[in-house]
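Chemist: Following this line is data.txt, made up of compact mmCIF, N, CA and C atoms:
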# COMPACT_ATOMS: atom_id res chain seq x y z
N MET U 29 26.47 5.71 71.24
CA MET U 29 25.24 5.19 70.64
C MET U 29 24.59 6.28 69.80
N ASP U 30 24.20 5.91 68.58
CA ASP U 30 23.55 6.92 67.75
C ASP U 30 22.09 7.09 68.16
N LYS U 31 21.48 8.14 67.66
CA LYS U 31 20.12 8.53 68.05
C LYS U 31 19.11 7.42 67.79
N GLU U 32 19.18 6.78 66.62
CA GLU U 32 18.19 5.75 66.29
C GLU U 32 18.27 4.58 67.26
N ASN U 33 19.49 4.12 67.58
CA ASN U 33 19.63 3.02 68.53
C ASN U 33 19.13 3.41 69.91
N GLU U 34 19.37 4.64 70.31
CA GLU U 34 18.87 5.14 71.59
C GLU U 34 17.35 5.09 71.63
N VAL U 35 16.73 5.52 70.55
CA VAL U 35 15.26 5.50 70.47
C VAL U 35 14.75 4.07 70.47
N LEU U 36 15.40 3.17 69.74
CA LEU U 36 14.97 1.77 69.72
C LEU U 36 15.07 1.14 71.10
N ASP U 37 16.10 1.48 71.87
CA ASP U 37 16.21 1.01 73.25
C ASP U 37 15.06 1.55 74.09
N TYR U 38 14.69 2.81 73.88
CA TYR U 38 13.56 3.42 74.58
C TYR U 38 12.27 2.64 74.28
N ILE U 39 12.07 2.29 73.01
CA ILE U 39 10.86 1.58 72.60
C ILE U 39 10.81 0.19 73.23
N LYS U 40 11.96 -0.47 73.32
CA LYS U 40 12.00 -1.81 73.92
C LYS U 40 11.47 -1.80 75.35
N ASN U 41 11.58 -0.69 76.03
CA ASN U 41 11.09 -0.59 77.40
C ASN U 41 9.57 -0.43 77.47
N ASP U 42 8.92 -0.19 76.35
CA ASP U 42 7.46 -0.04 76.33
C ASP U 42 6.86 -1.43 76.14
N GLN U 43 6.61 -2.10 77.26
CA GLN U 43 6.15 -3.48 77.23
C GLN U 43 4.81 -3.63 76.52
N PHE U 44 3.89 -2.70 76.73
CA PHE U 44 2.57 -2.81 76.12
C PHE U 44 2.65 -2.66 74.61
N ALA U 45 3.43 -1.72 74.14
CA ALA U 45 3.58 -1.53 72.69
C ALA U 45 4.21 -2.77 72.06
N ARG U 46 5.22 -3.33 72.72
CA ARG U 46 5.85 -4.55 72.21
C ARG U 46 4.85 -5.69 72.15
N HIS U 47 4.07 -5.84 73.22
CA HIS U 47 3.05 -6.89 73.28
C HIS U 47 2.01 -6.72 72.17
N SER U 48 1.75 -5.49 71.79
CA SER U 48 0.75 -5.20 70.75
C SER U 48 1.25 -5.54 69.35
N GLY U 49 2.56 -5.64 69.16
CA GLY U 49 3.11 -5.99 67.86
C GLY U 49 3.47 -4.82 66.98
N ILE U 50 3.66 -3.66 67.56
CA ILE U 50 3.99 -2.46 66.79
C ILE U 50 5.44 -2.52 66.33
N GLU U 51 5.67 -2.19 65.06
CA GLU U 51 7.02 -2.13 64.50
C GLU U 51 7.30 -0.72 64.01
N MET U 52 8.48 -0.22 64.31
CA MET U 52 8.89 1.11 63.83
C MET U 52 9.39 0.98 62.40
N ILE U 53 9.03 1.96 61.58
CA ILE U 53 9.46 1.99 60.18
C ILE U 53 10.51 3.06 59.98
N GLU U 54 10.24 4.27 60.46
CA GLU U 54 11.15 5.41 60.26
C GLU U 54 11.15 6.28 61.51
N ILE U 55 12.34 6.70 61.88
CA ILE U 55 12.49 7.58 63.05
C ILE U 55 13.43 8.72 62.66
N THR U 56 12.86 9.90 62.48
CA THR U 56 13.67 11.10 62.24
C THR U 56 13.12 12.20 63.13
N ALA U 57 13.81 13.32 63.18
CA ALA U 57 13.33 14.46 63.96
C ALA U 57 12.07 15.06 63.35
N GLU U 58 11.86 14.86 62.07
CA GLU U 58 10.71 15.44 61.38
C GLU U 58 9.50 14.52 61.36
N ARG U 59 9.74 13.20 61.37
CA ARG U 59 8.64 12.26 61.19
C ARG U 59 8.98 10.92 61.83
N VAL U 60 7.97 10.33 62.43
CA VAL U 60 8.08 8.97 62.96
C VAL U 60 6.95 8.15 62.36
N THR U 61 7.28 6.98 61.82
CA THR U 61 6.25 6.10 61.27
C THR U 61 6.39 4.71 61.88
N ALA U 62 5.24 4.07 62.04
CA ALA U 62 5.19 2.72 62.61
C ALA U 62 4.07 1.95 61.93
N LYS U 63 4.08 0.63 62.13
CA LYS U 63 3.02 -0.18 61.55
C LYS U 63 2.61 -1.26 62.54
N LEU U 64 1.41 -1.75 62.32
CA LEU U 64 0.86 -2.81 63.14
C LEU U 64 0.06 -3.75 62.25
N ARG U 65 0.48 -4.97 62.18
CA ARG U 65 -0.26 -5.98 61.42
C ARG U 65 -1.42 -6.45 62.28
N VAL U 66 -2.62 -6.33 61.78
CA VAL U 66 -3.81 -6.68 62.54
C VAL U 66 -3.88 -8.20 62.71
N GLU U 67 -4.01 -8.61 63.97
CA GLU U 67 -4.15 -10.02 64.32
C GLU U 67 -5.51 -10.20 64.99
N LYS U 68 -5.91 -11.45 65.16
CA LYS U 68 -7.21 -11.74 65.76
C LYS U 68 -7.36 -11.11 67.14
N HIS U 69 -6.30 -11.10 67.93
CA HIS U 69 -6.39 -10.55 69.30
C HIS U 69 -6.52 -9.02 69.32
N HIS U 70 -6.40 -8.34 68.18
CA HIS U 70 -6.61 -6.89 68.10
C HIS U 70 -8.08 -6.52 67.89
N LEU U 71 -8.92 -7.52 67.63
CA LEU U 71 -10.32 -7.26 67.31
C LEU U 71 -11.18 -7.17 68.57
N ASN U 72 -12.20 -6.33 68.49
CA ASN U 72 -13.14 -6.20 69.61
C ASN U 72 -14.32 -7.15 69.41
N GLY U 73 -15.38 -6.98 70.20
CA GLY U 73 -16.53 -7.88 70.17
C GLY U 73 -17.33 -7.85 68.89
N VAL U 74 -17.18 -6.83 68.06
CA VAL U 74 -17.89 -6.78 66.77
C VAL U 74 -16.94 -7.02 65.60
N ASN U 75 -15.78 -7.60 65.91
CA ASN U 75 -14.79 -8.03 64.91
C ASN U 75 -14.19 -6.91 64.08
N ILE U 76 -13.99 -5.75 64.70
CA ILE U 76 -13.19 -4.69 64.09
C ILE U 76 -12.07 -4.36 65.06
N VAL U 77 -11.03 -3.71 64.57
CA VAL U 77 -9.89 -3.38 65.43
C VAL U 77 -10.36 -2.51 66.59
N HIS U 78 -9.99 -2.92 67.78
CA HIS U 78 -10.35 -2.21 69.00
C HIS U 78 -9.75 -0.79 68.95
N GLY U 79 -10.56 0.20 69.35
CA GLY U 79 -10.08 1.58 69.36
C GLY U 79 -8.83 1.77 70.19
N GLY U 80 -8.71 1.00 71.27
CA GLY U 80 -7.52 1.09 72.12
C GLY U 80 -6.25 0.64 71.41
N VAL U 81 -6.38 -0.27 70.47
CA VAL U 81 -5.23 -0.72 69.68
C VAL U 81 -4.76 0.42 68.77
N ILE U 82 -5.70 1.07 68.12
CA ILE U 82 -5.36 2.19 67.24
C ILE U 82 -4.75 3.33 68.07
N PHE U 83 -5.33 3.60 69.24
CA PHE U 83 -4.80 4.64 70.12
C PHE U 83 -3.38 4.28 70.56
N THR U 84 -3.14 3.02 70.91
CA THR U 84 -1.81 2.59 71.33
C THR U 84 -0.78 2.81 70.24
N LEU U 85 -1.13 2.47 69.00
CA LEU U 85 -0.22 2.69 67.87
C LEU U 85 0.12 4.17 67.75
N ALA U 86 -0.89 5.02 67.77
CA ALA U 86 -0.66 6.47 67.65
C ALA U 86 0.11 7.01 68.86
N ASP U 87 -0.21 6.51 70.04
CA ASP U 87 0.43 7.00 71.26
C ASP U 87 1.92 6.66 71.30
N LEU U 88 2.29 5.49 70.79
CA LEU U 88 3.71 5.15 70.74
C LEU U 88 4.45 6.09 69.80
N VAL U 89 3.87 6.38 68.63
CA VAL U 89 4.49 7.31 67.69
C VAL U 89 4.64 8.69 68.36
N PHE U 90 3.61 9.13 69.06
CA PHE U 90 3.66 10.37 69.83
C PHE U 90 4.83 10.37 70.80
N GLY U 91 4.98 9.31 71.58
CA GLY U 91 6.06 9.22 72.55
C GLY U 91 7.43 9.24 71.91
N VAL U 92 7.58 8.54 70.79
CA VAL U 92 8.87 8.51 70.09
C VAL U 92 9.20 9.89 69.54
N LEU U 93 8.19 10.60 69.03
CA LEU U 93 8.44 11.96 68.54
C LEU U 93 9.01 12.84 69.65
N GLY U 94 8.44 12.73 70.84
CA GLY U 94 8.98 13.49 71.96
C GLY U 94 10.41 13.08 72.29
N TYR U 95 10.67 11.79 72.24
CA TYR U 95 11.99 11.28 72.60
C TYR U 95 13.07 11.72 71.62
N VAL U 96 12.74 11.76 70.32
CA VAL U 96 13.76 12.16 69.35
C VAL U 96 14.11 13.64 69.49
N HIS U 97 13.27 14.39 70.19
CA HIS U 97 13.58 15.81 70.45
C HIS U 97 14.19 15.98 71.84
N ASP U 98 14.93 14.93 72.27
CA ASP U 98 15.75 14.95 73.47
C ASP U 98 15.00 15.09 74.78
N ARG U 99 13.75 14.69 74.80
CA ARG U 99 12.97 14.67 76.04
C ARG U 99 12.01 13.49 75.99
N ASN U 100 11.47 13.13 77.14
CA ASN U 100 10.35 12.20 77.20
C ASN U 100 9.08 13.03 77.11
N ALA U 101 8.23 12.75 76.17
CA ALA U 101 6.95 13.46 76.05
C ALA U 101 5.89 12.65 76.80
N VAL U 102 5.54 13.12 77.99
CA VAL U 102 4.54 12.46 78.80
C VAL U 102 3.21 13.15 78.52
N SER U 103 2.24 12.39 78.07
CA SER U 103 0.97 12.97 77.65
C SER U 103 0.25 13.70 78.78
N ILE U 104 -0.13 14.94 78.50
CA ILE U 104 -0.99 15.67 79.43
C ILE U 104 -2.37 15.88 78.82
N ASN U 105 -2.47 15.65 77.52
CA ASN U 105 -3.77 15.69 76.84
C ASN U 105 -3.63 14.95 75.52
N ALA U 106 -4.61 14.09 75.24
CA ALA U 106 -4.59 13.37 73.97
C ALA U 106 -6.02 13.13 73.53
N SER U 107 -6.24 13.25 72.24
CA SER U 107 -7.55 12.94 71.69
C SER U 107 -7.36 12.20 70.37
N ILE U 108 -8.38 11.45 70.04
CA ILE U 108 -8.34 10.71 68.78
C ILE U 108 -9.73 10.73 68.17
N SER U 109 -9.76 10.87 66.86
CA SER U 109 -11.00 10.78 66.11
C SER U 109 -10.88 9.59 65.17
N TYR U 110 -11.89 8.73 65.19
CA TYR U 110 -11.91 7.53 64.35
C TYR U 110 -12.81 7.78 63.15
N PHE U 111 -12.31 7.44 61.97
CA PHE U 111 -13.04 7.71 60.74
C PHE U 111 -13.46 6.46 59.97
N LYS U 112 -12.78 5.36 60.24
CA LYS U 112 -13.04 4.16 59.45
C LYS U 112 -12.75 2.93 60.29
N ALA U 113 -13.62 1.94 60.20
CA ALA U 113 -13.39 0.67 60.89
C ALA U 113 -12.46 -0.21 60.05
N VAL U 114 -11.64 -0.99 60.74
CA VAL U 114 -10.70 -1.89 60.07
C VAL U 114 -10.89 -3.29 60.66
N LYS U 115 -10.87 -4.30 59.78
CA LYS U 115 -11.05 -5.68 60.22
C LYS U 115 -9.80 -6.53 60.04
N GLU U 116 -8.94 -6.11 59.12
CA GLU U 116 -7.76 -6.90 58.78
C GLU U 116 -6.73 -6.03 58.10
N GLY U 117 -5.57 -6.62 57.83
CA GLY U 117 -4.53 -5.89 57.10
C GLY U 117 -3.50 -5.29 58.03
N THR U 118 -2.92 -4.19 57.60
CA THR U 118 -1.88 -3.51 58.36
C THR U 118 -2.26 -2.05 58.53
N LEU U 119 -2.05 -1.56 59.73
CA LEU U 119 -2.26 -0.14 60.02
C LEU U 119 -0.92 0.56 60.03
N PHE U 120 -0.90 1.78 59.54
CA PHE U 120 0.31 2.60 59.51
C PHE U 120 0.04 3.89 60.27
N ALA U 121 0.99 4.33 61.06
CA ALA U 121 0.87 5.59 61.79
C ALA U 121 2.04 6.48 61.41
N GLU U 122 1.73 7.73 61.05
CA GLU U 122 2.76 8.71 60.73
C GLU U 122 2.53 9.93 61.60
N GLY U 123 3.54 10.27 62.39
CA GLY U 123 3.42 11.40 63.29
C GLY U 123 4.41 12.50 62.97
N ARG U 124 3.97 13.71 63.23
CA ARG U 124 4.81 14.89 63.03
C ARG U 124 4.62 15.86 64.18
N MET U 125 5.66 16.60 64.48
CA MET U 125 5.59 17.64 65.49
C MET U 125 4.82 18.83 64.93
N VAL U 126 3.95 19.40 65.74
CA VAL U 126 3.23 20.61 65.36
C VAL U 126 3.94 21.83 65.92
N THR U 127 4.26 21.78 67.21
CA THR U 127 4.98 22.88 67.86
C THR U 127 5.77 22.33 69.03
N LEU U 128 6.84 23.02 69.36
CA LEU U 128 7.74 22.57 70.42
C LEU U 128 8.21 23.76 71.22
N THR U 129 8.08 23.67 72.54
CA THR U 129 8.63 24.67 73.45
C THR U 129 9.52 23.91 74.44
N PRO U 130 10.24 24.61 75.29
CA PRO U 130 11.07 23.87 76.25
C PRO U 130 10.28 22.91 77.15
N LYS U 131 9.02 23.20 77.44
CA LYS U 131 8.23 22.36 78.35
C LYS U 131 7.13 21.55 77.69
N LEU U 132 6.66 21.98 76.50
CA LEU U 132 5.53 21.32 75.85
C LEU U 132 5.83 20.97 74.40
N GLY U 133 5.26 19.87 73.96
CA GLY U 133 5.34 19.49 72.56
C GLY U 133 3.97 19.06 72.08
N SER U 134 3.58 19.51 70.91
CA SER U 134 2.31 19.14 70.32
C SER U 134 2.60 18.32 69.06
N TYR U 135 1.90 17.19 68.94
CA TYR U 135 2.17 16.26 67.86
C TYR U 135 0.86 15.74 67.28
N THR U 136 0.84 15.50 65.98
CA THR U 136 -0.31 14.92 65.30
C THR U 136 0.12 13.61 64.65
N VAL U 137 -0.72 12.60 64.81
CA VAL U 137 -0.44 11.28 64.22
C VAL U 137 -1.64 10.87 63.38
N HIS U 138 -1.38 10.56 62.11
CA HIS U 138 -2.41 10.04 61.21
C HIS U 138 -2.24 8.53 61.11
N VAL U 139 -3.32 7.81 61.35
CA VAL U 139 -3.32 6.35 61.21
C VAL U 139 -4.10 6.02 59.95
N SER U 140 -3.50 5.21 59.09
CA SER U 140 -4.15 4.85 57.83
C SER U 140 -4.08 3.34 57.62
N ASP U 141 -4.87 2.87 56.66
CA ASP U 141 -4.86 1.46 56.31
C ASP U 141 -3.92 1.22 55.12
N GLU U 142 -3.92 0.00 54.62
CA GLU U 142 -3.03 -0.35 53.52
C GLU U 142 -3.32 0.41 52.23
N LYS U 143 -4.55 0.90 52.08
CA LYS U 143 -4.93 1.67 50.89
C LYS U 143 -4.58 3.15 51.04
N GLY U 144 -4.06 3.53 52.20
CA GLY U 144 -3.74 4.93 52.45
C GLY U 144 -4.92 5.74 52.94
N GLU U 145 -6.04 5.08 53.21
CA GLU U 145 -7.22 5.77 53.70
C GLU U 145 -7.08 6.05 55.20
N VAL U 146 -7.45 7.25 55.61
CA VAL U 146 -7.30 7.65 57.01
C VAL U 146 -8.30 6.86 57.87
N VAL U 147 -7.76 6.23 58.89
CA VAL U 147 -8.55 5.46 59.86
C VAL U 147 -8.83 6.32 61.09
N ALA U 148 -7.81 7.08 61.52
CA ALA U 148 -7.94 7.90 62.72
C ALA U 148 -6.90 9.02 62.71
N VAL U 149 -7.19 10.08 63.45
CA VAL U 149 -6.23 11.17 63.65
C VAL U 149 -6.12 11.40 65.15
N PHE U 150 -4.89 11.37 65.63
CA PHE U 150 -4.55 11.53 67.04
C PHE U 150 -3.85 12.87 67.22
N GLN U 151 -4.24 13.60 68.24
CA GLN U 151 -3.57 14.86 68.59
C GLN U 151 -3.11 14.74 70.03
N GLY U 152 -1.83 14.93 70.26
CA GLY U 152 -1.30 14.80 71.61
C GLY U 152 -0.49 16.01 72.04
N LEU U 153 -0.67 16.38 73.30
CA LEU U 153 0.12 17.43 73.94
C LEU U 153 0.92 16.77 75.04
N GLY U 154 2.23 16.92 74.97
CA GLY U 154 3.09 16.26 75.93
C GLY U 154 3.91 17.22 76.75
N TYR U 155 4.02 16.91 78.04
CA TYR U 155 4.96 17.63 78.90
C TYR U 155 6.32 17.02 78.63
N ARG U 156 7.30 17.87 78.34
CA ARG U 156 8.63 17.41 77.95
C ARG U 156 9.52 17.27 79.17
N ARG U 157 9.66 16.05 79.66
CA ARG U 157 10.50 15.74 80.83
C ARG U 157 11.91 15.42 80.38
N GLN U 158 12.84 15.65 81.27
CA GLN U 158 14.23 15.26 80.97
C GLN U 158 14.30 13.75 80.87
N LYS U 159 15.11 13.25 79.95
CA LYS U 159 15.30 11.81 79.81
C LYS U 159 15.87 11.25 81.11
N GLY U 160 15.44 10.04 81.42
CA GLY U 160 15.96 9.37 82.60
C GLY U 160 15.17 9.64 83.87
N ARG U 161 14.30 10.64 83.88
CA ARG U 161 13.46 10.90 85.06
C ARG U 161 12.35 9.87 85.14
N ARG U 162 12.04 9.47 86.32
CA ARG U 162 10.94 8.50 86.54
C ARG U 162 9.88 9.11 87.39
Could you render the structure from this file as structure tokens?

Modeler:
Amino acid sequence: MDKENEVLDYIKNDQFARHSGIEMIEITAERVTAKLRVEKHHLNGVNIVHGGVIFTLADLVFGVLGYVHDRNAVSINASISYFKAVKEGTLFAEGRMVTLTPKLGSYTVHVSDEKGEVVAVFQGLGYRRQKGRR
């Protein structure tokens, strides 16, 4: 099995991400990108995309980045800053590795709208576990 198929199988096991409607666009060792088409069920009580939806999109990209570097990146710290409210359209997340050690990986994910405007920036620090460990 090639690396991309292995990663796609990993993503299929993420039930919450699948339920959210996230689609992977690109998976490489340097960059992972995904998208989410905003649906009515993604909106919160004031009719903008729920912050948890944006976090979920960024968090999946974070996890895939860890996985493509031959480990499971289990979050030990994550933060997100929101810059713009979104009501409709498609969100895009692009993540890149910042630094990698045998035990830790640091990753940044930028979430943008269809116009390319930054909606949020996610920073995650992951403990790098061996694949297959539960």

Chemist: I'd like the contact shell of region 101-116 of chain U - 6 Å cut-off, all atoms listed in the file, skipping same-chain residues fewer than 5 positions apart - returned as a PyMOL selection string.

Modeler: chain U and resi 66+75-77+91+94-95+146-157

Chemist: So what do you get for atom N of Thr56 (chain U) versus atom N of His69 (chain U), distance-wise?

Modeler: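 Calculated distance between atom N of Thr56 (chain U) and atom N of His69 (chain U) is 28.9 Å.
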
Chemist: Per DSSP on the backbone, filter chain U down to the residues in strand (DSSP E) and report them as a PyMOL selection string.

Modeler: chain U and resi 50-55+60-65+100-110+118-128+132-140+146-157

Chemist: If I put a ball of radius 7 Å at (-1.4, 7.5, 60.5) in the file's coordinates, which residues poke into it when counting only N, CA and C atoms, written as an mmCIF file with N, CA and C atoms, in the coordinates of the input?

Modeler:
data_model
loop_
_atom_site.group_PDB
_atom_site.id
_atom_site.type_symbol
_atom_site.label_atom_id
_atom_site.label_comp_id
_atom_site.auth_asym_id
_atom_site.auth_seq_id
_atom_site.Cartn_x
_atom_site.Cartn_y
_atom_site.Cartn_z
ATOM 1 N N LEU U 119 -2.050 -1.560 59.730
ATOM 2 C CA LEU U 119 -2.260 -0.140 60.020
ATOM 3 C C LEU U 119 -0.920 0.560 60.030
ATOM 4 N N PHE U 120 -0.900 1.780 59.540
ATOM 5 C CA PHE U 120 0.310 2.600 59.510
ATOM 6 C C PHE U 120 0.040 3.890 60.270
ATOM 7 N N ALA U 121 0.990 4.330 61.060
ATOM 8 C CA ALA U 121 0.870 5.590 61.790
ATOM 9 C C ALA U 121 2.040 6.480 61.410
ATOM 10 N N GLU U 122 1.730 7.730 61.050
ATOM 11 C CA GLU U 122 2.760 8.710 60.730
ATOM 12 C C GLU U 122 2.530 9.930 61.600
ATOM 13 N N GLY U 123 3.540 10.270 62.390
ATOM 14 C CA GLY U 123 3.420 11.400 63.290
ATOM 15 C C GLY U 123 4.410 12.500 62.970
ATOM 16 N N VAL U 137 -0.720 12.600 64.810
ATOM 17 C CA VAL U 137 -0.440 11.280 64.220
ATOM 18 C C VAL U 137 -1.640 10.870 63.380
ATOM 19 N N HIS U 138 -1.380 10.560 62.110
ATOM 20 C CA HIS U 138 -2.410 10.040 61.210
ATOM 21 C C HIS U 138 -2.240 8.530 61.110
ATOM 22 N N VAL U 139 -3.320 7.810 61.350
ATOM 23 C CA VAL U 139 -3.320 6.350 61.210
ATOM 24 C C VAL U 139 -4.100 6.020 59.950
ATOM 25 N N SER U 140 -3.500 5.210 59.090
ATOM 26 C CA SER U 140 -4.150 4.850 57.830
ATOM 27 C C SER U 140 -4.080 3.340 57.620
ATOM 28 N N ASP U 141 -4.870 2.870 56.660
ATOM 29 C CA ASP U 141 -4.860 1.460 56.310
ATOM 30 C C ASP U 141 -3.920 1.220 55.120
ATOM 31 N N VAL U 146 -7.450 7.250 55.610
ATOM 32 C CA VAL U 146 -7.300 7.650 57.010
ATOM 33 C C VAL U 146 -8.300 6.860 57.870
ATOM 34 N N VAL U 147 -7.760 6.230 58.890
ATOM 35 C CA VAL U 147 -8.550 5.460 59.860
ATOM 36 C C VAL U 147 -8.830 6.320 61.090
ATOM 37 N N ALA U 148 -7.810 7.080 61.520
ATOM 38 C CA ALA U 148 -7.940 7.900 62.720
ATOM 39 C C ALA U 148 -6.900 9.020 62.710
ATOM 40 N N VAL U 149 -7.190 10.080 63.450
ATOM 41 C CA VAL U 149 -6.230 11.170 63.650
ATOM 42 C C VAL U 149 -6.120 11.400 65.150
#

Chemist: Between atom C of Glu51 (chain U) and atom N of Asp37 (chain U), what is the distance, to one decimal in Å?

Modeler: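 Between these atoms lies a distance of 12.0 Å.
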
Chemist: Quote the spacing between atom C of Gly117 (chain U) and atom N of Arg65 (chain U) in Å to one decimal place.

Modeler: 5.8 Å

Chemist: Write out as a ChimeraX atom specification the set of residues from region 46-84 of chain U that DSSP, computed on the backbone, places in helix (DSSP H, G or I).

Modeler: /U:46-48,68-70,79-84

Chemist: Compile the contact shell of Val89 (chain U) as number ranges by chain: residues with an atom at most 6 Å away, counting all atoms listed in the file, same-chain residues fewer than 3 positions apart removed.

Modeler: U: 60, 85-86, 92-93, 123

Chemist: Go through U:Ala57, U:Leu88, U:Ala62, U:Lys68 one by one, measure the shortest atom-to-atom distance of each to Leu128 (chain U) using only C-alpha atoms, and give the residue with the smallest value.

Modeler: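 The answer is U:Ala57, which sits nearest to Leu128 (chain U).
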